[in-house]
>>> print(open('structure-v3.txt').read())   # compact mmCIF, C-alpha atoms
# COMPACT_ATOMS: atom_id res chain seq x y z
CA MET D 1 -9.85 -28.46 40.27
CA GLN D 2 -11.84 -25.35 39.37
CA GLN D 3 -9.73 -23.25 41.76
CA GLU D 4 -6.53 -24.54 40.14
CA GLN D 5 -7.89 -23.70 36.70
CA ASP D 6 -8.80 -20.18 37.85
CA GLN D 7 -5.32 -19.69 39.30
CA ALA D 8 -3.74 -20.92 36.08
CA GLN D 9 -5.88 -18.51 34.07
CA ASP D 10 -4.91 -15.61 36.36
CA GLN D 11 -1.23 -16.47 36.00
CA GLU D 12 -1.59 -16.69 32.24
CA ARG D 13 -3.27 -13.26 32.10
CA GLU D 14 -0.51 -11.77 34.25
CA HIS D 15 2.14 -13.37 32.06
CA ARG D 16 0.56 -11.96 28.89
CA ALA D 17 0.16 -8.56 30.51
CA GLU D 18 3.82 -8.50 31.55
CA GLU D 19 5.11 -9.64 28.16
CA ARG D 20 3.20 -7.24 25.92
CA PRO D 21 4.27 -3.59 25.66
CA GLN D 22 2.84 -1.57 28.52
CA GLN D 23 1.38 1.89 28.45
CA PRO D 24 2.44 4.37 31.13
CA ASP D 25 0.34 4.03 34.26
CA PRO D 26 -1.45 7.36 34.85
CA ASP D 27 -1.67 6.64 38.59
CA ALA D 28 2.11 6.23 38.84
CA ARG D 29 3.12 9.44 37.07
CA TRP D 30 3.97 11.08 40.37
CA LEU D 31 6.49 8.36 41.26
CA ALA D 32 9.01 9.17 38.50
CA PRO D 33 9.36 12.89 39.40
CA VAL D 34 9.74 11.96 43.08
CA MET D 35 12.55 9.53 42.26
CA HIS D 36 14.26 12.03 39.98
CA VAL D 37 14.18 14.72 42.67
CA ALA D 38 15.42 12.21 45.26
CA PHE D 39 18.32 11.21 43.02
CA PHE D 40 19.52 14.77 42.53
CA LEU D 41 19.08 15.56 46.23
CA LEU D 42 21.13 12.51 47.21
CA LEU D 43 23.74 13.28 44.56
CA GLY D 44 24.03 16.91 45.73
CA ALA D 45 24.14 15.91 49.39
CA SER D 46 26.83 13.29 48.72
CA LEU D 47 28.95 15.79 46.77
CA ALA D 48 28.54 18.43 49.50
CA ARG D 49 29.49 15.93 52.20
CA PHE D 50 32.59 14.92 50.28
CA LEU D 51 33.68 18.51 49.73
CA LEU D 52 33.15 19.34 53.41
CA ARG D 53 34.90 16.23 54.73
CA HIS D 54 37.74 16.07 52.16
CA PRO D 55 38.65 19.60 51.02
CA GLY D 56 41.61 20.02 48.74
CA GLU D 57 42.27 16.35 48.03
CA ALA D 58 43.73 15.24 44.71
CA ARG D 59 40.66 13.20 43.82
CA THR D 60 38.28 16.15 44.30
CA PRO D 61 38.30 17.27 40.62
CA TRP D 62 37.55 13.71 39.58
CA ILE D 63 34.70 13.48 42.05
CA ILE D 64 33.22 16.76 40.81
CA ALA D 65 33.62 15.75 37.16
CA LEU D 66 32.07 12.32 37.73
CA SER D 67 29.18 13.90 39.69
CA VAL D 68 28.43 16.30 36.84
CA THR D 69 28.75 13.46 34.32
CA LEU D 70 26.36 11.30 36.34
CA ALA D 71 23.86 14.15 36.60
CA LEU D 72 24.02 14.80 32.84
CA LEU D 73 23.64 11.11 32.04
CA TYR D 74 20.68 10.85 34.38
CA VAL D 75 19.02 13.84 32.72
CA LEU D 76 19.31 12.07 29.34
CA GLY D 77 16.99 9.31 30.57
CA PRO D 78 13.67 11.13 29.91
CA VAL D 79 15.04 12.28 26.54
CA LEU D 80 15.31 8.64 25.43
CA GLY D 81 11.63 8.13 26.19
CA PRO D 82 9.75 6.73 29.17
CA ALA D 83 10.58 3.19 30.18
CA ALA D 84 7.65 0.78 30.18
CA PRO D 85 7.45 -1.00 33.53
CA GLY D 86 8.29 -4.66 33.22
CA ALA D 87 9.00 -4.40 29.51
CA ALA D 88 10.39 -7.68 28.20
CA ARG D 89 12.77 -6.03 25.70
CA PRO D 90 14.16 -2.60 26.60
CA THR D 91 15.59 -0.62 23.71
CA PRO D 92 19.34 -0.80 23.12
CA ARG D 93 19.67 2.94 23.75
CA ARG D 94 18.13 2.62 27.20
CA LEU D 95 20.36 -0.34 28.01
CA VAL D 96 23.44 1.68 27.05
CA TRP D 97 22.18 4.65 29.04
CA LEU D 98 21.45 2.58 32.13
CA GLY D 99 24.81 0.85 31.88
CA GLY D 100 26.56 4.24 31.68
CA VAL D 101 24.71 5.61 34.70
CA VAL D 102 25.46 2.52 36.80
CA ALA D 103 29.12 2.44 35.71
CA VAL D 104 29.74 6.12 36.57
CA TRP D 105 27.98 5.65 39.92
CA MET D 106 30.13 2.60 40.74
CA VAL D 107 33.32 4.55 40.02
CA LEU D 108 32.04 7.35 42.24
CA VAL D 109 31.29 4.90 45.06
CA VAL D 110 34.78 3.41 44.78
CA LEU D 111 36.34 6.88 44.98
CA ALA D 112 33.85 8.30 47.52
CA PRO D 113 31.67 5.81 49.45
CA SER D 114 29.32 8.60 50.53
CA PHE D 115 27.69 8.44 47.07
CA ALA D 116 26.36 4.94 47.86
CA TRP D 117 22.85 6.04 48.83
CA CYS D 118 22.23 7.36 45.31
CA ALA D 119 21.53 3.70 44.61
CA VAL D 120 17.97 3.97 45.99
CA PRO D 121 16.61 5.94 42.99
CA LEU D 122 18.69 3.68 40.74
CA PHE D 123 16.73 0.71 42.13
CA TYR D 124 13.60 2.30 40.74
CA THR D 125 15.29 3.10 37.42
CA GLY D 126 16.53 -0.47 36.98
CA LEU D 127 13.17 -1.98 37.89
CA ARG D 128 11.44 0.35 35.42
CA THR D 129 13.87 -0.36 32.59
CA LEU D 130 14.85 -4.02 32.79
CA PRO D 131 12.85 -7.27 32.82
CA SER D 132 12.12 -8.61 36.29
CA ARG D 133 15.03 -11.07 36.59
CA ALA D 134 17.63 -8.71 35.16
CA ALA D 135 16.33 -5.92 37.39
CA LEU D 136 16.70 -8.11 40.49
CA VAL D 137 20.30 -8.92 39.54
CA LEU D 138 21.03 -5.21 39.15
CA VAL D 139 19.42 -4.42 42.51
CA GLY D 140 21.55 -7.10 44.15
CA LEU D 141 24.73 -5.67 42.59
CA LEU D 142 23.86 -2.14 43.68
CA THR D 143 23.13 -3.40 47.20
CA VAL D 144 26.54 -5.06 47.42
CA PHE D 145 28.21 -1.76 46.49
CA VAL D 146 26.11 0.09 49.10
CA VAL D 147 27.05 -2.39 51.85
CA THR D 148 30.72 -2.21 50.90
CA ALA D 149 30.65 1.58 50.93
CA GLN D 150 28.96 1.68 54.34
CA LEU D 151 31.56 -0.63 55.79
CA GLN D 152 34.29 1.63 54.45
CA LEU D 153 32.66 4.66 56.07
CA SER D 154 32.29 2.96 59.47
CA ARG D 155 34.99 3.93 61.97
CA GLY D 156 33.82 2.18 65.07
CA GLY D 157 34.43 -1.37 63.91
CA PHE D 158 31.95 -3.85 62.48
CA ASP D 159 28.35 -2.64 62.65
CA PRO D 160 25.62 -5.25 61.78
CA ASN D 161 23.22 -2.41 61.04
CA LEU D 162 25.41 -1.24 58.15
CA VAL D 163 25.40 -4.75 56.69
CA LEU D 164 21.70 -5.55 57.14
CA ALA D 165 20.05 -2.15 56.61
CA PRO D 166 20.92 -1.69 52.89
CA PRO D 167 19.65 -5.16 51.86
CA ALA D 168 16.49 -4.57 53.91
CA VAL D 169 15.86 -1.23 52.23
CA ALA D 170 16.53 -2.76 48.83
CA ALA D 171 14.21 -5.68 49.56
CA VAL D 172 11.38 -3.41 50.74
CA ALA D 173 11.73 -1.06 47.77
CA THR D 174 11.91 -3.93 45.30
CA ALA D 175 8.97 -5.81 46.83
CA PHE D 176 6.86 -2.65 46.86
CA PHE D 177 7.64 -1.84 43.25
CA VAL D 178 7.14 -5.42 42.02
CA HIS D 179 3.83 -5.59 43.88
CA MET D 180 2.65 -2.36 42.27
CA GLN D 181 3.81 -3.59 38.89
CA ARG D 182 1.93 -6.88 39.20
CA GLN D 183 -1.17 -5.13 40.48
CA ALA D 184 -1.06 -2.84 37.46
CA ALA D 185 -0.59 -5.87 35.19
CA ARG D 186 -3.64 -7.56 36.75
CA GLN D 187 -5.70 -4.42 36.32
CA ARG D 188 -4.64 -4.11 32.69
CA ALA D 189 -5.49 -7.77 32.12
CA LEU D 190 -8.90 -7.31 33.74
CA ILE D 191 -9.54 -4.19 31.66
CA ASP D 192 -8.53 -6.08 28.51
CA ASP D 193 -10.87 -8.93 29.47
CA LEU D 194 -13.66 -6.44 30.12
CA ILE D 195 -13.13 -4.74 26.77
CA ARG D 196 -12.99 -8.10 25.00
CA THR D 197 -16.15 -9.24 26.80
CA ARG D 198 -17.95 -6.04 25.85
CA ARG D 199 -16.90 -6.51 22.23
CA GLU D 200 -18.08 -10.12 22.26
CA LEU D 201 -21.37 -9.05 23.87
CA ALA D 202 -21.82 -6.34 21.25
CA ALA D 203 -21.08 -8.86 18.48
CA THR D 204 -23.57 -11.30 20.02
CA GLU D 205 -26.23 -8.61 20.23
CA ARG D 206 -25.56 -7.68 16.60
CA ARG D 207 -25.90 -11.32 15.57
CA GLU D 208 -29.11 -11.70 17.55
CA GLY D 209 -30.43 -8.48 16.07
CA THR D 210 -29.55 -9.70 12.60
CA LEU D 211 -31.32 -13.02 13.18
CA ALA D 212 -34.37 -11.26 14.62
CA GLU D 213 -34.47 -8.91 11.65
CA ARG D 214 -34.13 -11.82 9.24
CA GLN D 215 -37.01 -13.58 10.99
CA ARG D 216 -39.10 -10.42 10.83
CA LEU D 217 -38.33 -9.97 7.14
CA SER D 218 -39.15 -13.61 6.39
CA MET D 219 -42.50 -13.30 8.16
CA GLU D 220 -43.31 -10.05 6.37
CA ILE D 221 -42.44 -11.55 2.98
CA HIS D 222 -44.41 -14.71 3.70
CA ASP D 223 -47.50 -12.89 4.92
CA THR D 224 -47.55 -10.37 2.07
CA LEU D 225 -45.66 -11.03 -1.13
CA ALA D 226 -45.52 -14.83 -0.94
CA GLN D 227 -49.21 -15.19 -0.13
CA GLY D 228 -50.13 -12.74 -2.85
CA LEU D 229 -48.01 -14.49 -5.46
CA SER D 230 -49.49 -17.83 -4.44
CA SER D 231 -53.00 -16.44 -4.89
CA GLN D 232 -52.11 -15.00 -8.29
CA GLN D 233 -50.69 -18.34 -9.37
CA MET D 234 -53.87 -20.18 -8.36
CA LEU D 235 -56.09 -17.61 -10.10
CA LEU D 236 -54.06 -17.62 -13.31
CA GLN D 237 -54.02 -21.43 -13.38
CA ALA D 238 -57.81 -21.47 -12.91
CA ALA D 239 -58.19 -18.85 -15.67
CA ASP D 240 -56.05 -20.93 -18.02
CA ARG D 241 -58.18 -24.01 -17.40
CA GLN D 242 -61.46 -22.13 -17.98
CA TRP D 243 -60.37 -19.81 -20.78
CA ASP D 244 -62.06 -21.79 -23.57
CA ALA D 245 -65.00 -23.21 -21.64
CA ASP D 246 -65.95 -20.14 -19.59
CA PRO D 247 -64.19 -16.97 -20.82
CA ALA D 248 -66.13 -14.68 -18.47
CA THR D 249 -65.02 -16.59 -15.37
CA ALA D 250 -61.47 -16.77 -16.71
CA ARG D 251 -61.39 -13.00 -17.22
CA ARG D 252 -62.76 -12.49 -13.72
CA HIS D 253 -59.89 -14.62 -12.34
CA VAL D 254 -57.41 -12.54 -14.32
CA ARG D 255 -58.88 -9.28 -13.00
CA THR D 256 -58.73 -10.64 -9.46
CA ALA D 257 -55.10 -11.65 -9.99
CA GLU D 258 -54.43 -8.14 -11.30
CA SER D 259 -56.00 -6.64 -8.19
CA ILE D 260 -53.87 -8.88 -5.97
CA ALA D 261 -50.77 -7.87 -7.94
CA GLU D 262 -51.65 -4.21 -7.37
CA ARG D 263 -52.00 -4.87 -3.64
CA ASN D 264 -48.69 -6.73 -3.61
CA LEU D 265 -47.01 -3.82 -5.35
CA ALA D 266 -48.28 -1.45 -2.66
CA GLU D 267 -47.12 -3.86 0.04
CA ALA D 268 -43.70 -4.15 -1.58
CA ARG D 269 -43.27 -0.39 -1.73
CA ARG D 270 -44.28 0.05 1.89
CA PHE D 271 -42.17 -2.92 2.85
CA VAL D 272 -39.12 -1.30 1.27
CA HIS D 273 -39.82 1.90 3.21
CA ASP D 274 -40.52 -0.09 6.41
CA LEU D 275 -43.97 1.43 6.83
CA ALA D 276 -47.19 -0.02 8.18
CA PRO D 277 -49.14 -2.59 6.14
CA ALA D 278 -50.95 -1.06 3.18
CA ASP D 279 -54.40 -1.87 4.59
CA LEU D 280 -53.60 -0.06 7.84
CA ALA D 281 -52.24 2.95 5.96
CA GLU D 282 -55.35 3.18 3.82
CA GLY D 283 -58.02 2.24 6.36
CA GLY D 284 -56.56 4.24 9.22
CA SER D 285 -57.54 1.67 11.90
CA LEU D 286 -57.24 -2.03 12.56
CA GLU D 287 -61.01 -2.55 12.31
CA GLU D 288 -61.21 -0.93 8.88
CA ALA D 289 -58.15 -2.81 7.65
CA LEU D 290 -59.60 -6.16 8.79
CA ARG D 291 -62.98 -5.29 7.24
CA MET D 292 -61.28 -4.53 3.88
CA LEU D 293 -59.26 -7.74 4.09
CA ALA D 294 -62.34 -9.83 4.94
CA ALA D 295 -64.26 -8.31 2.04
CA ARG D 296 -61.51 -9.23 -0.41
CA GLU D 297 -61.44 -12.79 0.92
CA SER D 298 -65.27 -13.09 0.96
CA ALA D 299 -65.26 -13.56 4.73
CA ALA D 300 -67.58 -12.14 7.37
CA PHE D 301 -66.22 -9.62 9.87
CA ARG D 302 -67.42 -8.30 13.20
CA VAL D 303 -66.10 -6.52 16.26
CA ASP D 304 -67.08 -7.55 19.81
CA GLY D 305 -66.52 -5.49 22.93
CA ALA D 306 -65.57 -1.86 23.42
CA PRO D 307 -62.68 -0.88 21.12
CA VAL D 308 -59.46 0.07 22.83
CA ALA D 309 -58.06 3.12 21.09
CA PRO D 310 -55.44 3.38 20.02
CA LEU D 311 -53.87 -0.05 19.88
CA PRO D 312 -50.08 -0.05 19.64
CA ASP D 313 -48.81 -0.08 16.06
CA ARG D 314 -46.99 -3.36 16.63
CA VAL D 315 -50.18 -5.03 17.83
CA GLN D 316 -52.22 -3.72 14.91
CA SER D 317 -49.60 -4.78 12.37
CA ALA D 318 -49.21 -8.25 13.93
CA LEU D 319 -52.97 -8.92 14.05
CA LEU D 320 -53.44 -7.81 10.46
CA ARG D 321 -50.57 -10.02 9.28
CA ILE D 322 -51.99 -12.97 11.21
CA ALA D 323 -55.39 -12.42 9.62
CA GLN D 324 -53.78 -12.21 6.16
CA GLY D 325 -51.89 -15.45 6.70
CA ALA D 326 -54.87 -17.28 8.18
CA LEU D 327 -57.26 -16.26 5.39
CA ALA D 328 -54.64 -17.19 2.80
CA ASN D 329 -54.47 -20.65 4.37
CA VAL D 330 -58.26 -20.88 4.27
CA ARG D 331 -58.28 -19.94 0.61
CA GLU D 332 -55.49 -22.29 -0.42
CA HIS D 333 -55.98 -25.35 1.78
CA ALA D 334 -59.31 -25.43 3.61
CA ASN D 335 -61.78 -25.76 0.71
CA ALA D 336 -64.15 -23.76 2.91
CA GLN D 337 -67.52 -22.41 1.93
CA ALA D 338 -67.49 -19.66 4.54
CA ALA D 339 -65.04 -17.93 6.82
CA ALA D 340 -65.41 -15.34 9.58
CA VAL D 341 -63.04 -12.86 11.19
CA THR D 342 -63.84 -11.64 14.71
CA LEU D 343 -61.94 -8.96 16.62
CA THR D 344 -62.77 -9.02 20.35
CA TYR D 345 -61.75 -6.47 22.98
CA LEU D 346 -61.63 -7.94 26.48
CA GLY D 347 -60.22 -4.96 28.38
CA ASP D 348 -56.82 -6.42 29.24
CA GLN D 349 -56.31 -8.17 25.91
CA VAL D 350 -57.42 -8.19 22.29
CA VAL D 351 -58.34 -11.45 20.57
CA LEU D 352 -58.48 -12.17 16.85
CA ASP D 353 -60.44 -15.26 15.73
CA ILE D 354 -60.47 -16.66 12.19
CA ALA D 355 -62.95 -19.51 11.71
CA ASP D 356 -63.83 -21.54 8.62
CA ASP D 357 -66.01 -24.55 7.78
CA GLY D 358 -63.36 -26.26 5.67
CA THR D 359 -61.77 -29.69 5.74
CA GLY D 360 -59.82 -29.09 8.93
CA PHE D 361 -56.91 -31.25 10.04
CA ALA D 362 -55.89 -33.55 12.85
CA ALA D 363 -52.70 -31.63 13.73
CA PRO D 364 -51.08 -28.42 12.47
CA PRO D 365 -49.24 -29.12 9.22
CA THR D 366 -45.47 -29.21 9.29
CA PRO D 367 -43.33 -27.14 6.91
CA THR D 368 -43.05 -28.78 3.52
CA SER D 369 -41.36 -27.85 0.28
CA SER D 370 -42.54 -28.02 -3.25
CA SER D 371 -41.22 -27.31 -6.65
CA THR D 372 -42.38 -23.73 -6.40
CA GLY D 373 -40.50 -22.97 -3.22
CA VAL D 374 -40.72 -23.34 0.53
CA ARG D 375 -44.28 -23.61 1.88
CA GLY D 376 -45.98 -24.21 5.20
CA HIS D 377 -44.27 -21.48 7.25
CA GLY D 378 -47.46 -19.51 7.95
CA LEU D 379 -48.28 -20.99 11.36
CA PRO D 380 -44.71 -20.71 12.75
CA ALA D 381 -44.64 -17.09 11.59
CA MET D 382 -47.95 -16.41 13.35
CA ARG D 383 -46.70 -18.02 16.56
CA ALA D 384 -43.52 -15.95 16.40
CA ARG D 385 -45.47 -12.71 15.97
CA VAL D 386 -47.75 -13.48 18.90
CA ARG D 387 -44.88 -14.65 21.10
CA GLN D 388 -42.95 -11.41 20.48
CA LEU D 389 -45.93 -9.51 21.90
CA GLY D 390 -46.33 -11.81 24.90
CA GLY D 391 -49.53 -13.41 23.59
CA THR D 392 -50.75 -16.89 22.76
CA LEU D 393 -51.90 -18.58 19.56
CA THR D 394 -54.33 -21.50 19.72
CA ILE D 395 -55.70 -23.64 16.91
CA GLU D 396 -58.77 -25.85 17.19
CA SER D 397 -59.44 -28.18 14.29
CA ALA D 398 -60.59 -31.64 13.39
CA PRO D 399 -60.91 -33.42 10.04
CA GLY D 400 -64.13 -32.33 8.33
CA GLU D 401 -65.09 -29.90 11.10
CA GLY D 402 -63.30 -26.75 10.04
CA THR D 403 -60.68 -24.72 11.88
CA VAL D 404 -60.65 -21.89 14.42
CA LEU D 405 -57.45 -19.93 14.88
CA SER D 406 -57.29 -17.57 17.85
CA ALA D 407 -54.57 -15.03 18.62
CA ALA D 408 -54.75 -13.34 22.05
CA ILE D 409 -52.41 -10.43 22.78
CA PRO D 410 -52.30 -8.73 26.22
CA LEU D 411 -52.65 -4.98 26.42
CA GLU D 412 -50.99 -2.57 28.79
CA PRO D 413 -53.38 -1.03 31.33
CA GLN D 414 -54.82 2.24 30.13
CA PRO D 415 -54.19 5.29 32.35
>>> encode(input="structure-v3.txt", output="structure tokens")
Amino acid sequence: MQQEQDQAQDQEREHRAEERPQQPDPDARWLAPVMHVAFFLLLGASLARFLLRHPGEARTPWIIALSVTLALLYVLGPVLGPAAPGAARPTPRRLVWLGGVVAVWMVLVVLAPSFAWCAVPLFYTGLRTLPSRAALVLVGLLTVFVVTAQLQLSRGGFDPNLVLAPPAVAAVATAFFVHMQRQAARQRALIDDLIRTRRELAATERREGTLAERQRLSMEIHDTLAQGLSSQQMLLQAADRQWDADPATARRHVRTAESIAERNLAEARRFVHDLAPADLAEGGSLEEALRMLAARESAAFRVDGAPVAPLPDRVQSALLRIAQGALANVREHANAQAAAVTLTYLGDQVVLDIADDGTGFAAPPTPTSSSTGVRGHGLPAMRARVRQLGGTLTIESAPGEGTVLSAAIPLEPQP
């Protein structure tokens, strides 16, 4: 069944390739000049033979005039433009031209049978100009004239070779040309399929690149602007509740919200310019950036192991974003009294741990939505960042026992 489907698809491709307009085959450019030269050689040889064998006959001027006319008509062929091989609809001008050439040649063959072998180049011309079926009919007609002319020239009685040789030559020439034409059609179909496949592959890669970029942008926005706006909202709500009862605390919340807004503004500007996170740009290293982040979130920070310098920019950016998202979750959901950030270098990998003593949970929360927008995408974003770098993200938590989030990213061996 599969083989039959493949054959049907091949036939369909060949059919489409034969029906659509064809471009000249660069590999077959030598064939047309050879056929043109052969035609004029055969025409000249036939005329010379006639003049040598039949000098001074009354039909000689007609033979000479028809030979010149045939030569001039044949020369007009390239002027009308190249014929596309196997074209389904030849132009009317080429049909008229081909009909004129064949008609003059037939009259010549009737008057002088020695002109019969000029039909061989005309086979090529007909096959190049007409659709396949019409070309085969023309080849058959030309072959009949050639056989008739050879029989007229024979003087030793019936010769089977004169009857069978012209059809054999016509069959070989036609089969060879049709085979070449179909091979060219298959090659064109395969090239078209290859070009179409390459275009589809390029479109798929563009779509995948677009989706990857959208995912990256969503993670960046979630880990920076969204988290910052969420923190500002919580601080401003707390300030509003305490404004009358405890103005000093309320003002402190407002100042903290202002500081977060300033940080978000810096992140937004660097985000627009596609630069590194603001903490990395200011601190100059991952350790300093994490220390600054931990200080803002009132979390402890330490580094274990011998630092690997320098870490790739992608690794530094991913670890900082993971720490930002994890500490934001601690602040918003954990109700923790203390949190700690630990960066550990293990030679072949770097591990970031964020631990808190908050409420914990039985299983990682699933994405939820609220009136303020989509929430709960922090953990999937962290997993995606770690997965893109070939690392792993593990979460250990239990209700009332706090949470430990660990991101391990492998490092390339140092030279």
>>> residues_around(input="structure-v3.txt", residues="Pro310 of chain D", least_positions_apart="6", cutoff="10 Å", atoms="only C-alpha atoms", output="list in words")
Ser285, Leu286 and Gln316 of chain D
>>> residues_around(input="structure-v3.txt", residues="Val75 of chain D", least_positions_apart="4", cutoff="12 Å", atoms="only C-alpha atoms", output="JSON list (two decimals) with C-alpha atoms, in the coordinates of the input")
[["chain", "number", "residue", "atom", "x", "y", "z"],
["D", 33, "PRO", "CA", 9.36, 12.89, 39.40],
["D", 36, "HIS", "CA", 14.26, 12.03, 39.98],
["D", 37, "VAL", "CA", 14.18, 14.72, 42.67],
["D", 39, "PHE", "CA", 18.32, 11.21, 43.02],
["D", 40, "PHE", "CA", 19.52, 14.77, 42.53],
["D", 68, "VAL", "CA", 28.43, 16.30, 36.84],
["D", 69, "THR", "CA", 28.75, 13.46, 34.32],
["D", 70, "LEU", "CA", 26.36, 11.30, 36.34],
["D", 71, "ALA", "CA", 23.86, 14.15, 36.60],
["D", 79, "VAL", "CA", 15.04, 12.28, 26.54],
["D", 80, "LEU", "CA", 15.31, 8.64, 25.43],
["D", 81, "GLY", "CA", 11.63, 8.13, 26.19],
["D", 97, "TRP", "CA", 22.18, 4.65, 29.04],
["D", 98, "LEU", "CA", 21.45, 2.58, 32.13],
["D", 101, "VAL", "CA", 24.71, 5.61, 34.70]]
>>> residues_around(input="structure-v3.txt", residues="Met234 of chain D", least_positions_apart="5", cutoff="12 Å", atoms="all atoms listed in the file", output="PDB file with C-alpha atoms, keeping the file's coordinate frame")
ATOM      1  CA  GLN D 227     -49.210 -15.190  -0.130  1.00  0.00           C
ATOM      2  CA  GLY D 228     -50.130 -12.740  -2.850  1.00  0.00           C
ATOM      3  CA  LEU D 229     -48.010 -14.490  -5.460  1.00  0.00           C
ATOM      4  CA  ALA D 239     -58.190 -18.850 -15.670  1.00  0.00           C
ATOM      5  CA  ASP D 240     -56.050 -20.930 -18.020  1.00  0.00           C
ATOM      6  CA  ARG D 241     -58.180 -24.010 -17.400  1.00  0.00           C
ATOM      7  CA  ALA D 250     -61.470 -16.770 -16.710  1.00  0.00           C
ATOM      8  CA  HIS D 253     -59.890 -14.620 -12.340  1.00  0.00           C
ATOM      9  CA  VAL D 254     -57.410 -12.540 -14.320  1.00  0.00           C
ATOM     10  CA  THR D 256     -58.730 -10.640  -9.460  1.00  0.00           C
ATOM     11  CA  ALA D 257     -55.100 -11.650  -9.990  1.00  0.00           C
ATOM     12  CA  ILE D 260     -53.870  -8.880  -5.970  1.00  0.00           C
ATOM     13  CA  ALA D 328     -54.640 -17.190   2.800  1.00  0.00           C
ATOM     14  CA  ARG D 331     -58.280 -19.940   0.610  1.00  0.00           C
ATOM     15  CA  GLU D 332     -55.490 -22.290  -0.420  1.00  0.00           C
ATOM     16  CA  HIS D 333     -55.980 -25.350   1.780  1.00  0.00           C
TER      17      HIS D 333
END
>>> residues_around(input="structure-v3.txt", residues="segment 299-306 of chain D", least_positions_apart="5", cutoff="12 Å", atoms="only C-alpha atoms", output="NGL selection string")
:D and (286-294 or 323-324 or 326-328 or 330-331 or 336-357)
>>> atom_distance(input="structure-v3.txt", atom1="atom CA of Gln215 of chain D", atom2="atom CA of Ala295 of chain D")
29.2 Å
>>> atom_distance(input="structure-v3.txt", atom1="atom CA of Val139 of chain D", atom2="atom CA of Val120 of chain D")
9.2 Å
>>> atom_distance(input="structure-v3.txt", atom1="atom CA of Ala58 of chain D", atom2="atom CA of Leu153 of chain D")
19.1 Å
>>> axis_aligned_box(input="structure-v3.txt", around="segment 56-68 of chain D", padding_each_side="6 Å", output="JSON")
{"center_x": 36.1, "center_y": 16.2, "center_z": 42.8, "size_x": 27.3, "size_y": 19.7, "size_z": 23.9}
>>> closest_residue(input="structure-v3.txt", among="D:Gly402, D:Pro55, D:Gly99, D:Pro166", to="Leu138 of chain D", atoms="only C-alpha atoms")
D:Gly99
>>> decode(input="structure-v3.txt", residues="segment 320-329 of chain D", atoms="N, CA, C and O atoms", output="short mmCIF file (atom, residue, chain, number, x, y, z; two decimals), in the first residue's frame")
data_model
loop_
_atom_site.label_atom_id
_atom_site.label_comp_id
_atom_site.auth_asym_id
_atom_site.auth_seq_id
_atom_site.Cartn_x
_atom_site.Cartn_y
_atom_site.Cartn_z
N LEU D 320 20.37 34.36 38.79
CA LEU D 320 19.87 35.56 39.45
C LEU D 320 18.35 35.66 39.31
O LEU D 320 17.64 35.99 40.27
N ARG D 321 17.83 35.34 38.12
CA ARG D 321 16.38 35.39 37.92
C ARG D 321 15.68 34.35 38.79
O ARG D 321 14.60 34.61 39.35
N ILE D 322 16.28 33.18 38.91
CA ILE D 322 15.68 32.14 39.77
C ILE D 322 15.66 32.61 41.22
O ILE D 322 14.66 32.43 41.93
N ALA D 323 16.74 33.22 41.65
CA ALA D 323 16.78 33.72 43.03
C ALA D 323 15.73 34.83 43.23
O ALA D 323 15.04 34.86 44.27
N GLN D 324 15.58 35.71 42.25
CA GLN D 324 14.57 36.76 42.36
C GLN D 324 13.17 36.16 42.47
O GLN D 324 12.36 36.56 43.32
N GLY D 325 12.87 35.18 41.61
CA GLY D 325 11.55 34.57 41.65
C GLY D 325 11.31 33.81 42.94
O GLY D 325 10.21 33.87 43.53
N ALA D 326 12.32 33.07 43.40
CA ALA D 326 12.15 32.29 44.63
C ALA D 326 11.96 33.18 45.84
O ALA D 326 11.08 32.94 46.69
N LEU D 327 12.75 34.25 45.96
CA LEU D 327 12.60 35.15 47.11
C LEU D 327 11.28 35.91 47.03
O LEU D 327 10.68 36.23 48.08
N ALA D 328 10.81 36.22 45.82
CA ALA D 328 9.51 36.86 45.70
C ALA D 328 8.40 35.92 46.19
O ALA D 328 7.45 36.35 46.86
N ASN D 329 8.54 34.63 45.87
CA ASN D 329 7.56 33.66 46.37
C ASN D 329 7.61 33.56 47.90
O ASN D 329 6.58 33.43 48.57
#
